[in-house]
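Single-structure report; data block below.
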Amino acid sequence: MNTERNEKNGRNNGSLKAIPSEIVRITRVIDETPSVKTFEFDKDFEFKAGQFCMVWVPGVDEIPMGLSAANAITVQKVGEATEALFKLNAGDKIGIKAPLGNGFSIGNGGRVLAIAGGVGAAPLRPLVRSGRCTTFLLGSRTASEILYGDELAQGTDLRIATDDGTKGHHGFVTDLMKEVDLLSYNSICVCGPEIMMRGVLRLLKEKSEDTNTDLVSRGQFSLVRYMKCGVGICGSCCLDPEGLRVCRDGPVFAGDIVEKSREFGTYSRDASGSRTMPGGH
Amino acid sequence: MNTERNEKNGRNNGSLKAIPSEIVRITRVIDETPSVKTFEFDKDFEFKAGQFCMVWVPGVDEIPMGLSAANAITVQKVGEATEALFKLNAGDKIGIKAPLGNGFSIGNGGRVLAIAGGVGAAPLRPLVRSGRCTTFLLGSRTASEILYGDELAQGTDLRIATDDGTKGHHGFVTDLMKEVDLLSYNSICVCGPEIMMRGVLRLLKEKSEDTNTDLVSRGQFSLVRYMKCGVGICGSCCLDPEGLRVCRDGPVFAGDIVEKSREFGTYSRDASGSRTMPGGH
Amino acid sequence: MVRIEKTDKVTAGGVELRNHMILAAGILGTTGASLNRILNLGAGGVITKSIGPEPKTGHHGPTVCVLDGAVMNAMGLPNPSSNFVSELDAIEDIGSKPVIASIFGGNPEDFSKVASWFAGRVRGFELNVSCPHAEGYGAQIGCNPDLVYDCTKAAVKAAGGLPVWVKLTPNVTDITASAKSAERAGASAVVAINTVKAMRISTELRRPMLGNGTGGLSGPAVFPIAVRCVWDLYEAVKIPIIGCGGVMTADNVVEMMMAGASAVEIGSGVLGLSGVNIFKDIAAELYADAGEGKDTVKAEDIIGCAHEY
Amino acid sequence: MVRIEKTDKVTAGGVELRNHMILAAGILGTTGASLNRILNLGAGGVITKSIGPEPKTGHHGPTVCVLDGAVMNAMGLPNPSSNFVSELDAIEDIGSKPVIASIFGGNPEDFSKVASWFAGRVRGFELNVSCPHAEGYGAQIGCNPDLVYDCTKAAVKAAGGLPVWVKLTPNVTDITASAKSAERAGASAVVAINTVKAMRISTELRRPMLGNGTGGLSGPAVFPIAVRCVWDLYEAVKIPIIGCGGVMTADNVVEMMMAGASAVEIGSGVLGLSGVNIFKDIAAELYADAGEGKDTVKAEDIIGCAHEY
Ligand SMILES: Cc1cc2nc3c(=O)[nH]c(=O)nc-3n(C[C@H](O)[C@H](O)[C@H](O)COP(=O)(O)OP(=O)(O)OC[C@H]3O[C@@H](n4cnc5c(N)ncnc54)[C@H](O)[C@@H]3O)c2cc1C
Ligand SMILES: Cc1cc2nc3c(=O)[nH]c(=O)nc-3n(C[C@H](O)[C@H](O)[C@H](O)COP(=O)(O)OP(=O)(O)OC[C@H]3O[C@@H](n4cnc5c(N)ncnc54)[C@H](O)[C@@H]3O)c2cc1C
Ligand SMILES: Cc1cc2nc3c(=O)[nH]c(=O)nc-3n(C[C@H](O)[C@H](O)[C@H](O)COP(=O)(O)O)c2cc1C
Ligand SMILES: Cc1cc2nc3c(=O)[nH]c(=O)nc-3n(C[C@H](O)[C@H](O)[C@H](O)COP(=O)(O)O)c2cc1C
Ligand code: FES
Ligand code: FES
């Protein structure tokens, strides 16, 4: 289980190390799409693609966001805290606890397939930036919602699908999976709405059965759950049935773990801990 | 001032490190003299000759004692806590905070003269054991009160004085200083009753004036003051007029510092902080 | 190091535990699956997130600050209320498992209502009358010995014979006063301590680091405070004491027990080097076979032993 | 980092200081020479060891345990009583120096007697009604707002016009109650906090680590507790607040001030990396010329500023 690996890096010696919220200054706000902005700040965090941060929006809330670069987050406006973030400009300060969680593990090299839906492209972007992404399948509602302009196309073999056909394939991102040779990838990194990720998992399963190859565990899914602490103590982000913490044991889980999760694609929990519909980017 | 050197070993970063009382088991009790015993224990502390420890005598008190070896203290019975210590046997446990204070600084090599009175030999013994003591002048009330049997004589040029003439020179240890060429020593390390140390200082001063050589600051005096904390926070051991802490800035002070002390050889303070007669071994 | 003789059975405050280390309330206790996981990872027992009469979403973030040697939180008692009951289904074979429901309320009726939801399902109750940052709940009850008495009485009645532990706040002039009230009202144990009132401010943002402003301190920083409370309670009440606050190591467990604790709870410890393996790691160090090493003792021989110094 | 504009004059609670960092009571304050040294090493002011009506030798050792990130002590208020007055002679030109006498007693008469010894010699008084480990003194007064009122009143009268600060204990349900009493009785400032009740046990010796058994916690571990107390006091009283507890860095000073402190005291900090140079080292980092760096502010602009978040 991922967690054992993460946490057995030292003998329990009674110490407890700070996880500070670094106060950073926003240096640039990039309008990616009508509902998505990228915020760059004046500090680089060491991180692995897929790791996230807790963003303290002063006076509002602290919310989880994938790191879309060492010094950036890419945010979709969906509610109170993200709206407040959208009102911030260069020069404003926010707090960042980073890096948190485990990130994608793609070993050294090998072929990497990224599959993203919407703002799910954010935590996958660093794979492209570091030149480790072979192919990127990006799904979006419509052409104007596609993130990062031409940046992705310059660093990887980018293929696009839009729900309304305004760009690329007319249809779902999962359709694009049929265009590529799934077997040729060592890692398949996925992030997006849970319904889309469920679709990806189903296709990987089918392909695995067809080819008698374990593609499911090559899949790595970045999950979203309601996070209060982000550091693994409160329990608000735990996933059924294993009780793994998305914030600390994840947010990236191998396909075989996700497959076992009875809540994946079915339900999640809200701020009070009550069951509700699944989240996802 | 000694303290600056001791304490400027790092930038103030807000941290505060533990000074634990290590619980050790007494392995051997050696009757040195009718009123002095050496207690060896099952742990070696890294230390410099002249550094001391706080000895926790369970249920009684915590008192300062020079380290007479990496794993030993040599104790004269004078009151409650030392009496309680004297009742302990091999197998019993005590607590040791060590090493504390600064110790003698004898640079690398050079000729070292040690001058001790009574149990003041304890913190000087490690100099002999490590082969760095050229000459050792040891004063004692009477032959039976001489510490460490033949051990010192085997490691250094040992010269003895007893008040009653039962061994060695009949008279004070300061008399022995006339036998040696004080100018030939790079360091002169002194520990004993304050009245004796005052005598040593006076002789060094005289010799300095006679020879126009600064022998006073070659002198290093290990002082005794009432110590409550032993770690430099409470203030009970401070020395007039500089307010230096014997436990942290000392217990070893250069002759020129001691010379400036208006309380050296004149008074000290008791447990309440009231002035009283000077202490010393 | 002092080690404890392995035994088949550990009982504390009327609850049969698997070892002396219990997961503290509000730590990874939001879902049944998580509680189940912590049990599987070696906890001696688990306590649920505190559950109250109505669902609460809790305070806005930041809700948790991890400091050097301490954790500060102001969760605001988020909980799904009665919806939590079905979470317990995820605990395999719950009837045989040391699961304790933490409950809170604003008055005796609340406590009896919430207790009744869990009465058949768990092995005991812990009353949270001590959360320092929840208006009208928690410590606002724990500071008032009469209210502690009434709420404990109500919970004991609703608990249908199950043991009721009362978790105390250290943020009072005299922690033994509420403890005595709890004892008189029929509590099976007192638990000490909940978090210590605290606050940190971001100097760069000029505002408190927690969304709620003030919060509660836990972790190693409060260990000496918790030991002191357990010590004082041991001299004041006859019912067992469960120690909680800053326990990180096997030696900390022994120390709490010597102060008077029959068992300990661990919360912030899950953020230490062992992570959620802390229960297993401590157990590996803490327990030994009888006769293995001369410092191996029976648990009952060290509970409160330091009082005889 | 936020830095404070250098000024010629810092005044807090009616006392003119040399900067915002004052040596706390009981820390290196047993002799006049030591207080003089700490002033020379850059303290903004110094407070004496607490002096009482009769000489006391204090508790048996161990009296101080230095833990990771905390200090625990049970000195037991050792002091030479009226003999201390002549210690002040060692402070060069004391008339111009920010020296504050810390005094304690068991009743109002004690406070007025002890205050009268020092009335002409010092720049102010600090009443220790908050030491957590001295029978009949300290916190046994500080827990009772009426006694705080009476003792403060008596000291103010005996102080002959000098400012009187009242140092509060955090070991109470509501620290603002005693603060309000002190304010009504004419105190010029309240100081928060004295040490937090605590205890550690040596598991190997099976007895408390302190000679006195229980003691008080200070140092970094209590900083979040102290900030919280200062914060609560700022909302409760109008007189200035002096922050104390765990201050180790320049940023800690700023944080205390943002919580509401007009100045801070430093005690355990002398055991940090800077040792007794802590005052100088903090000052070097804390103060800047007006306009030097954009985060350089006037002290008065940040005192309590976090309350407006
Ligand atoms: C590991 C992780 C990485 C993420 N990365 C990104 C990213 O790169 N870009 C991006 O735009 N979004 C990302 N999200 C989602 C983002 O956290 C939520 O959109 C955000 O918290 C909404 O906050 P709000 O106050 O604006 O919305 P609210 O008005 O509070 O609620 C809107 C919805 O957002 C979700 N939400 C609210 N608060 C939280 C929370 N604390 N934790 C999780 N979900 C919450 C809820 O499902 C809710 O229904 C990520 C989430 C997780 C868990
Ligand atoms: C740095 C240092 C090193 C020392 N090294 C040695 C040593 O190697 N061998 C040795 O025998 N003695 C040594 N002493 C002296 C020793 O600490 C005292 O003899 C001892 O504390 C007496 O304790 P007691 O309870 O037996 O005596 P008490 O009955 O308490 O008093 C007897 C006398 O001992 C002195 N004393 C008592 N308590 C203390 C204390 N806490 N600090 C300092 N003096 C105290 C007082 O002057 C008192 O008059 C050293 C002292 C210091 C400061
Ligand atoms: C994030 C967090 C949430 C907590 N939630 C609760 C809770 O719901 N109910 C409760 O009684 N105590 C709660 N506590 C207090 C802990 O149960 C425990 O009493 C405290 O943290 C001290 O123990 P520790 O130092 O081992 O963490 C919480 C503590 C933390 C850190
Ligand atoms: C060794 C020691 C002795 C103390 N003596 C006194 C005292 O005599 N009077 C007093 O009011 N406070 C005394 N205190 C408390 C400190 O003045 C201060 O309030 C407390 O230590 C918290 O501050 P800090 O964390 O900076 O040390 C003492 C503290 C220590 C550690
Ligand atoms: S968000 Fe708190 S445990 Fe994951
Ligand atoms: S003994 Fe406390 S300062 Fe030296």
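By order of appearance in the structure tokens: chains A, B, ..., then residues from 1 within every chain, and ligands from 1 in the order shown.
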Self-check item: Those in segment 118-247 of chain D with strand (DSSP E) from DSSP, as an MDAnalysis selection string
Solution: chainID D and resid 124:128 164:168 189:192 196:198 201:202 207:208 215:218 241:244
Selection to disk with N, CA, C and O atoms, as a short mmCIF file (atom, residue, chain, number, x, y, z; two decimals), in the first residue's frame:
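After the write, result.cif holds the following:
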data_model
loop_
_atom_site.label_atom_id
_atom_site.label_comp_id
_atom_site.auth_asym_id
_atom_site.auth_seq_id
_atom_site.Cartn_x
_atom_site.Cartn_y
_atom_site.Cartn_z
N GLY D 124 10.03 50.34 37.75
CA GLY D 124 8.69 49.78 37.77
C GLY D 124 8.67 48.47 38.52
O GLY D 124 9.73 47.94 38.93
N PHE D 125 7.47 47.94 38.70
CA PHE D 125 7.30 46.68 39.41
C PHE D 125 6.56 45.67 38.54
O PHE D 125 5.71 46.04 37.74
N GLU D 126 6.90 44.43 38.75
CA GLU D 126 6.09 43.37 38.16
C GLU D 126 5.64 42.48 39.30
O GLU D 126 6.48 42.00 40.08
N LEU D 127 4.35 42.27 39.42
CA LEU D 127 3.84 41.42 40.49
C LEU D 127 3.74 39.99 39.99
O LEU D 127 3.04 39.71 39.00
N ASN D 128 4.43 39.12 40.67
CA ASN D 128 4.34 37.70 40.31
C ASN D 128 3.20 37.09 41.10
O ASN D 128 3.36 36.72 42.26
N VAL D 164 3.09 49.65 37.82
CA VAL D 164 3.01 48.28 38.34
C VAL D 164 2.42 47.38 37.26
O VAL D 164 1.34 47.66 36.73
N TRP D 165 3.20 46.37 36.91
CA TRP D 165 2.71 45.38 35.94
C TRP D 165 2.26 44.14 36.70
O TRP D 165 2.90 43.77 37.69
N VAL D 166 1.24 43.50 36.22
CA VAL D 166 0.78 42.28 36.88
C VAL D 166 0.98 41.10 35.94
O VAL D 166 0.44 41.09 34.82
N LYS D 167 1.76 40.15 36.39
CA LYS D 167 2.09 39.00 35.54
C LYS D 167 1.11 37.87 35.81
O LYS D 167 0.97 37.41 36.93
N LEU D 168 0.47 37.41 34.74
CA LEU D 168 -0.66 36.50 34.88
C LEU D 168 -0.29 35.05 34.61
O LEU D 168 0.62 34.74 33.85
N ALA D 189 0.09 47.69 33.35
CA ALA D 189 0.16 46.71 32.26
C ALA D 189 -0.09 45.32 32.83
O ALA D 189 0.05 45.11 34.05
N VAL D 190 -0.46 44.41 31.98
CA VAL D 190 -0.47 43.00 32.38
C VAL D 190 0.58 42.28 31.53
O VAL D 190 0.85 42.66 30.39
N VAL D 191 1.15 41.27 32.13
CA VAL D 191 2.18 40.48 31.47
C VAL D 191 1.65 39.06 31.32
O VAL D 191 1.16 38.48 32.28
N ALA D 192 1.75 38.52 30.12
CA ALA D 192 1.26 37.16 29.91
C ALA D 192 2.24 36.45 28.99
O ALA D 192 2.53 36.97 27.92
N VAL D 196 3.42 27.33 32.25
CA VAL D 196 2.23 26.49 32.18
C VAL D 196 2.46 25.24 33.04
O VAL D 196 3.51 24.60 32.93
N LYS D 197 1.51 24.90 33.86
CA LYS D 197 1.67 23.75 34.75
C LYS D 197 2.06 22.50 33.96
O LYS D 197 1.44 22.17 32.95
N ALA D 198 3.07 21.82 34.43
CA ALA D 198 3.60 20.70 33.67
C ALA D 198 4.33 19.73 34.56
O ALA D 198 4.61 20.01 35.73
N ILE D 201 8.23 12.74 33.87
CA ILE D 201 8.64 11.66 34.76
C ILE D 201 9.81 10.92 34.11
O ILE D 201 9.79 10.67 32.90
N SER D 202 10.81 10.62 34.87
CA SER D 202 11.88 9.77 34.38
C SER D 202 11.37 8.33 34.48
O SER D 202 11.12 7.84 35.58
N ARG D 207 10.16 8.39 38.80
CA ARG D 207 9.84 9.54 39.63
C ARG D 207 9.88 10.79 38.78
O ARG D 207 10.49 10.80 37.70
N PRO D 208 9.24 11.86 39.27
CA PRO D 208 9.24 13.10 38.49
C PRO D 208 10.66 13.59 38.23
O PRO D 208 11.55 13.38 39.05
N GLY D 215 5.98 21.23 37.96
CA GLY D 215 6.70 22.45 37.63
C GLY D 215 5.96 23.26 36.59
O GLY D 215 4.75 23.10 36.39
N GLY D 216 6.70 24.15 35.94
CA GLY D 216 6.09 25.03 34.96
C GLY D 216 6.84 24.97 33.64
O GLY D 216 8.07 24.91 33.62
N LEU D 217 6.09 25.00 32.55
CA LEU D 217 6.68 24.88 31.22
C LEU D 217 6.87 26.26 30.59
O LEU D 217 6.01 27.13 30.71
N SER D 218 7.98 26.42 29.89
CA SER D 218 8.26 27.66 29.18
C SER D 218 8.97 27.32 27.88
O SER D 218 9.18 26.15 27.56
N ILE D 241 -0.26 45.33 27.17
CA ILE D 241 0.03 43.93 27.47
C ILE D 241 1.50 43.68 27.12
O ILE D 241 1.96 44.11 26.05
N ILE D 242 2.19 43.01 28.01
CA ILE D 242 3.56 42.61 27.72
C ILE D 242 3.51 41.12 27.44
O ILE D 242 3.04 40.33 28.26
N GLY D 243 3.97 40.71 26.27
CA GLY D 243 3.91 39.30 25.88
C GLY D 243 5.11 38.54 26.39
O GLY D 243 6.24 39.04 26.34
N CYS D 244 4.88 37.33 26.87
CA CYS D 244 5.99 36.53 27.40
C CYS D 244 5.66 35.06 27.23
O CYS D 244 4.53 34.64 27.49
#
Practice problem: Kindly provide, as a VMD selection string, the residues of chain C having any atom no farther than 6 Å from an atom of chain A, counting only C-alpha atoms. | Solution: chain C and resid 27 to 30 33 to 34 37 56 to 57 60 to 62 64 66 to 69 78 to 80 248 to 249 272 to 275
Could you save the residues just selected, with N, CA and C atoms, as a PDB file, in the first residue's frame?
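Full text of result07.pdb as output:
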ATOM      1  N   ILE C  27      -9.109  12.185  14.883  1.00  0.00           N
ATOM      2  CA  ILE C  27      -7.942  11.872  14.075  1.00  0.00           C
ATOM      3  C   ILE C  27      -8.313  10.705  13.161  1.00  0.00           C
ATOM      4  N   LEU C  28      -8.355  10.958  11.875  1.00  0.00           N
ATOM      5  CA  LEU C  28      -8.643   9.890  10.906  1.00  0.00           C
ATOM      6  C   LEU C  28      -9.879   9.083  11.300  1.00  0.00           C
ATOM      7  N   GLY C  29     -10.830   9.760  11.930  1.00  0.00           N
ATOM      8  CA  GLY C  29     -12.020   9.044  12.400  1.00  0.00           C
ATOM      9  C   GLY C  29     -13.291   9.499  11.725  1.00  0.00           C
ATOM     10  N   THR C  30     -13.166  10.076  10.534  1.00  0.00           N
ATOM     11  CA  THR C  30     -14.345  10.574   9.824  1.00  0.00           C
ATOM     12  C   THR C  30     -15.118   9.468   9.133  1.00  0.00           C
ATOM     13  N   ALA C  33     -14.207   3.243   7.251  1.00  0.00           N
ATOM     14  CA  ALA C  33     -13.106   2.548   6.584  1.00  0.00           C
ATOM     15  C   ALA C  33     -11.767   2.982   7.168  1.00  0.00           C
ATOM     16  N   SER C  34     -11.653   4.245   7.476  1.00  0.00           N
ATOM     17  CA  SER C  34     -10.408   4.733   8.038  1.00  0.00           C
ATOM     18  C   SER C  34     -10.195   4.163   9.437  1.00  0.00           C
ATOM     19  N   ARG C  37      -9.052   0.733   9.065  1.00  0.00           N
ATOM     20  CA  ARG C  37      -7.645   0.686   8.648  1.00  0.00           C
ATOM     21  C   ARG C  37      -6.716   0.862   9.849  1.00  0.00           C
ATOM     22  N   LYS C  56     -22.514  19.229  11.018  1.00  0.00           N
ATOM     23  CA  LYS C  56     -21.765  20.499  11.029  1.00  0.00           C
ATOM     24  C   LYS C  56     -20.673  20.407   9.975  1.00  0.00           C
ATOM     25  N   THR C  57     -20.459  21.481   9.256  1.00  0.00           N
ATOM     26  CA  THR C  57     -19.391  21.453   8.259  1.00  0.00           C
ATOM     27  C   THR C  57     -18.060  21.910   8.858  1.00  0.00           C
ATOM     28  N   HIS C  60     -14.005  27.196   8.508  1.00  0.00           N
ATOM     29  CA  HIS C  60     -13.243  27.369   7.286  1.00  0.00           C
ATOM     30  C   HIS C  60     -11.755  27.140   7.552  1.00  0.00           C
ATOM     31  N   GLY C  61     -11.021  26.849   6.488  1.00  0.00           N
ATOM     32  CA  GLY C  61      -9.598  26.618   6.629  1.00  0.00           C
ATOM     33  C   GLY C  61      -8.819  27.907   6.690  1.00  0.00           C
ATOM     34  N   PRO C  62      -7.557  27.855   6.992  1.00  0.00           N
ATOM     35  CA  PRO C  62      -6.836  26.672   7.448  1.00  0.00           C
ATOM     36  C   PRO C  62      -7.406  26.099   8.748  1.00  0.00           C
ATOM     37  N   VAL C  64      -5.835  23.197  10.140  1.00  0.00           N
ATOM     38  CA  VAL C  64      -4.730  22.524  10.837  1.00  0.00           C
ATOM     39  C   VAL C  64      -3.400  23.197  10.464  1.00  0.00           C
ATOM     40  N   VAL C  66       0.629  22.481  11.098  1.00  0.00           N
ATOM     41  CA  VAL C  66       1.632  21.589  11.672  1.00  0.00           C
ATOM     42  C   VAL C  66       2.870  22.430  11.964  1.00  0.00           C
ATOM     43  N   LEU C  67       3.156  22.613  13.246  1.00  0.00           N
ATOM     44  CA  LEU C  67       4.296  23.409  13.695  1.00  0.00           C
ATOM     45  C   LEU C  67       5.432  22.465  14.053  1.00  0.00           C
ATOM     46  N   ASP C  68       6.589  23.015  14.369  1.00  0.00           N
ATOM     47  CA  ASP C  68       7.663  22.141  14.846  1.00  0.00           C
ATOM     48  C   ASP C  68       7.295  21.624  16.224  1.00  0.00           C
ATOM     49  N   GLY C  69       7.109  20.322  16.329  1.00  0.00           N
ATOM     50  CA  GLY C  69       6.811  19.731  17.630  1.00  0.00           C
ATOM     51  C   GLY C  69       5.410  19.971  18.142  1.00  0.00           C
ATOM     52  N   PRO C  78     -16.561  19.303  12.643  1.00  0.00           N
ATOM     53  CA  PRO C  78     -17.344  18.873  11.484  1.00  0.00           C
ATOM     54  C   PRO C  78     -17.798  17.435  11.716  1.00  0.00           C
ATOM     55  N   ASN C  79     -19.014  17.153  11.386  1.00  0.00           N
ATOM     56  CA  ASN C  79     -19.486  15.766  11.537  1.00  0.00           C
ATOM     57  C   ASN C  79     -20.825  15.616  10.874  1.00  0.00           C
ATOM     58  N   PRO C  80     -21.116  14.416  10.396  1.00  0.00           N
ATOM     59  CA  PRO C  80     -22.357  14.193   9.665  1.00  0.00           C
ATOM     60  C   PRO C  80     -23.522  13.818  10.577  1.00  0.00           C
ATOM     61  N   MET C 248       4.198  10.118  21.492  1.00  0.00           N
ATOM     62  CA  MET C 248       4.865   9.851  20.221  1.00  0.00           C
ATOM     63  C   MET C 248       5.683   8.562  20.259  1.00  0.00           C
ATOM     64  N   THR C 249       6.122   8.147  21.442  1.00  0.00           N
ATOM     65  CA  THR C 249       7.046   7.021  21.543  1.00  0.00           C
ATOM     66  C   THR C 249       6.590   6.038  22.611  1.00  0.00           C
ATOM     67  N   GLY C 272       4.033  11.893  12.862  1.00  0.00           N
ATOM     68  CA  GLY C 272       5.448  11.663  13.146  1.00  0.00           C
ATOM     69  C   GLY C 272       6.100  10.801  12.082  1.00  0.00           C
ATOM     70  N   LEU C 273       7.314  10.396  12.337  1.00  0.00           N
ATOM     71  CA  LEU C 273       8.063   9.637  11.339  1.00  0.00           C
ATOM     72  C   LEU C 273       7.403   8.316  10.969  1.00  0.00           C
ATOM     73  N   SER C 274       6.734   7.697  11.932  1.00  0.00           N
ATOM     74  CA  SER C 274       6.091   6.411  11.653  1.00  0.00           C
ATOM     75  C   SER C 274       4.789   6.571  10.882  1.00  0.00           C
ATOM     76  N   GLY C 275       4.249   7.771  10.855  1.00  0.00           N
ATOM     77  CA  GLY C 275       2.955   7.963  10.210  1.00  0.00           C
ATOM     78  C   GLY C 275       1.912   7.111  10.889  1.00  0.00           C
TER      79      GLY C 275
END
Practice problem: Quick one: everything within 9 Å of Thr214 of chain D, counting only C-alpha atoms, minus sequence neighbours fewer than 5 positions away in the same chain. Send it as a VMD selection string. | Solution: (chain C and resid 228) or (chain D and resid 73 to 74 132 to 133 197 to 200 208 to 209)
Okay, now the selection with N, CA and C atoms, as a short mmCIF file (atom, residue, chain, number, x, y, z; two decimals), in the first residue's frame?
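Result written to part-v8.cif:
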data_model
loop_
_atom_site.label_atom_id
_atom_site.label_comp_id
_atom_site.auth_asym_id
_atom_site.auth_seq_id
_atom_site.Cartn_x
_atom_site.Cartn_y
_atom_site.Cartn_z
N ARG C 228 1.16 16.15 33.50
CA ARG C 228 0.78 16.83 34.73
C ARG C 228 -0.71 16.64 35.05
N ASN D 73 10.63 24.10 34.82
CA ASN D 73 11.34 24.44 36.05
C ASN D 73 10.43 24.42 37.26
N ALA D 74 11.05 24.19 38.40
CA ALA D 74 10.40 24.37 39.69
C ALA D 74 11.50 24.88 40.62
N PRO D 132 3.55 28.81 39.16
CA PRO D 132 2.65 27.66 39.34
C PRO D 132 3.15 26.65 40.36
N HIS D 133 4.26 26.89 41.03
CA HIS D 133 4.76 25.82 41.90
C HIS D 133 5.35 26.37 43.18
N LYS D 197 1.51 24.90 33.86
CA LYS D 197 1.67 23.75 34.75
C LYS D 197 2.06 22.50 33.96
N ALA D 198 3.07 21.82 34.43
CA ALA D 198 3.60 20.70 33.67
C ALA D 198 4.33 19.73 34.56
N MET D 199 4.62 18.59 34.00
CA MET D 199 5.40 17.58 34.72
C MET D 199 5.99 16.60 33.72
N ARG D 200 7.18 16.14 34.00
CA ARG D 200 7.74 15.01 33.27
C ARG D 200 8.22 13.99 34.30
N PRO D 208 9.24 11.86 39.27
CA PRO D 208 9.24 13.10 38.49
C PRO D 208 10.66 13.59 38.23
N MET D 209 10.83 14.26 37.10
CA MET D 209 12.15 14.77 36.74
C MET D 209 12.55 15.98 37.59
#
Practice problem: Residues up to 7 Å from ligand 4, counting only C-alpha atoms and all ligand atoms: could you list those as a ChimeraX atom specification? | Solution: /B:233-234 /D:24-27,49-50,64,71-73,75,77,102,128,130-131,167,193-195,218-220,222-223,244-247,265-269
Quiz item: Residues at most 7 Å from ligand 2, using only C-alpha atoms and all ligand atoms? Could they come as a PyMOL selection string?
Solution: chain B and resi 52+61-68+73-83+119-120+122-123+223-228+247+251+270+279-281
Practice problem: From a DSSP pass on the backbone, collect the residues of segment 147-261 of chain D flagged as helix (DSSP H, G or I) and hand them back as a PyMOL selection string. | Solution: chain D and resi 147-158+175-184+220-236+250-259
Quiz item: Could you name the residues that touch segment 130-135 of chain A at 7 Å or less, counting only C-alpha atoms, but leaving out those on the same chain fewer than 3 positions away, as a PyMOL selection string?
Solution: chain A and resi 109+111-114+126-127+155-158
Practice problem: Considering only C-alpha atoms, return as a PyMOL selection string whatever protein or nucleic-acid residues lie within 9 Å of Ser105 of chain A, sequence-local ones (same chain, fewer than 2 positions apart) excluded. | Solution: chain A and resi 48-50+102-103+107-108+187+220+252
Those residues with N, CA, C and O atoms, as a short mmCIF file (atom, residue, chain, number, x, y, z; two decimals), in the first residue's frame please?
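The new file out_31.cif reads:
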data_model
loop_
_atom_site.label_atom_id
_atom_site.label_comp_id
_atom_site.auth_asym_id
_atom_site.auth_seq_id
_atom_site.Cartn_x
_atom_site.Cartn_y
_atom_site.Cartn_z
N LYS A 48 7.11 16.86 -7.18
CA LYS A 48 7.00 15.82 -8.18
C LYS A 48 5.66 16.04 -8.86
O LYS A 48 4.68 16.38 -8.17
N ALA A 49 5.56 15.85 -10.15
CA ALA A 49 4.27 16.04 -10.82
C ALA A 49 3.20 15.22 -10.12
O ALA A 49 3.42 14.06 -9.79
N GLY A 50 2.06 15.82 -9.87
CA GLY A 50 0.97 15.12 -9.20
C GLY A 50 0.87 15.48 -7.74
O GLY A 50 -0.16 15.24 -7.10
N ASN A 102 1.70 12.27 -2.80
CA ASN A 102 2.75 11.42 -3.36
C ASN A 102 3.17 11.71 -4.81
O ASN A 102 4.31 11.50 -5.16
N GLY A 103 2.28 12.19 -5.63
CA GLY A 103 2.66 12.45 -7.02
C GLY A 103 2.66 11.19 -7.88
O GLY A 103 2.51 10.06 -7.38
N GLY A 107 8.85 6.23 -12.56
CA GLY A 107 10.19 5.64 -12.59
C GLY A 107 11.14 6.53 -13.37
O GLY A 107 10.92 7.73 -13.48
N ASN A 108 12.20 5.96 -13.91
CA ASN A 108 13.04 6.80 -14.75
C ASN A 108 12.78 6.43 -16.20
O ASN A 108 13.12 5.35 -16.67
N SER A 187 3.57 4.09 -18.20
CA SER A 187 2.72 4.73 -17.19
C SER A 187 1.59 5.46 -17.89
O SER A 187 1.80 6.09 -18.92
N GLN A 220 -2.42 5.44 -13.31
CA GLN A 220 -2.29 6.17 -12.05
C GLN A 220 -3.28 7.31 -12.08
O GLN A 220 -3.24 8.16 -12.95
N VAL A 252 -2.45 10.45 -5.84
CA VAL A 252 -2.31 9.56 -6.98
C VAL A 252 -2.37 8.11 -6.50
O VAL A 252 -1.62 7.74 -5.58
#
Exercise. List the neighbours of segment 279-283 of chain C out to 7 Å using only C-alpha atoms; skip same-chain residues closer than 4 positions along the sequence, and give me the result as a ChimeraX atom specification.
Key: /C:21,41-43,249-250,287
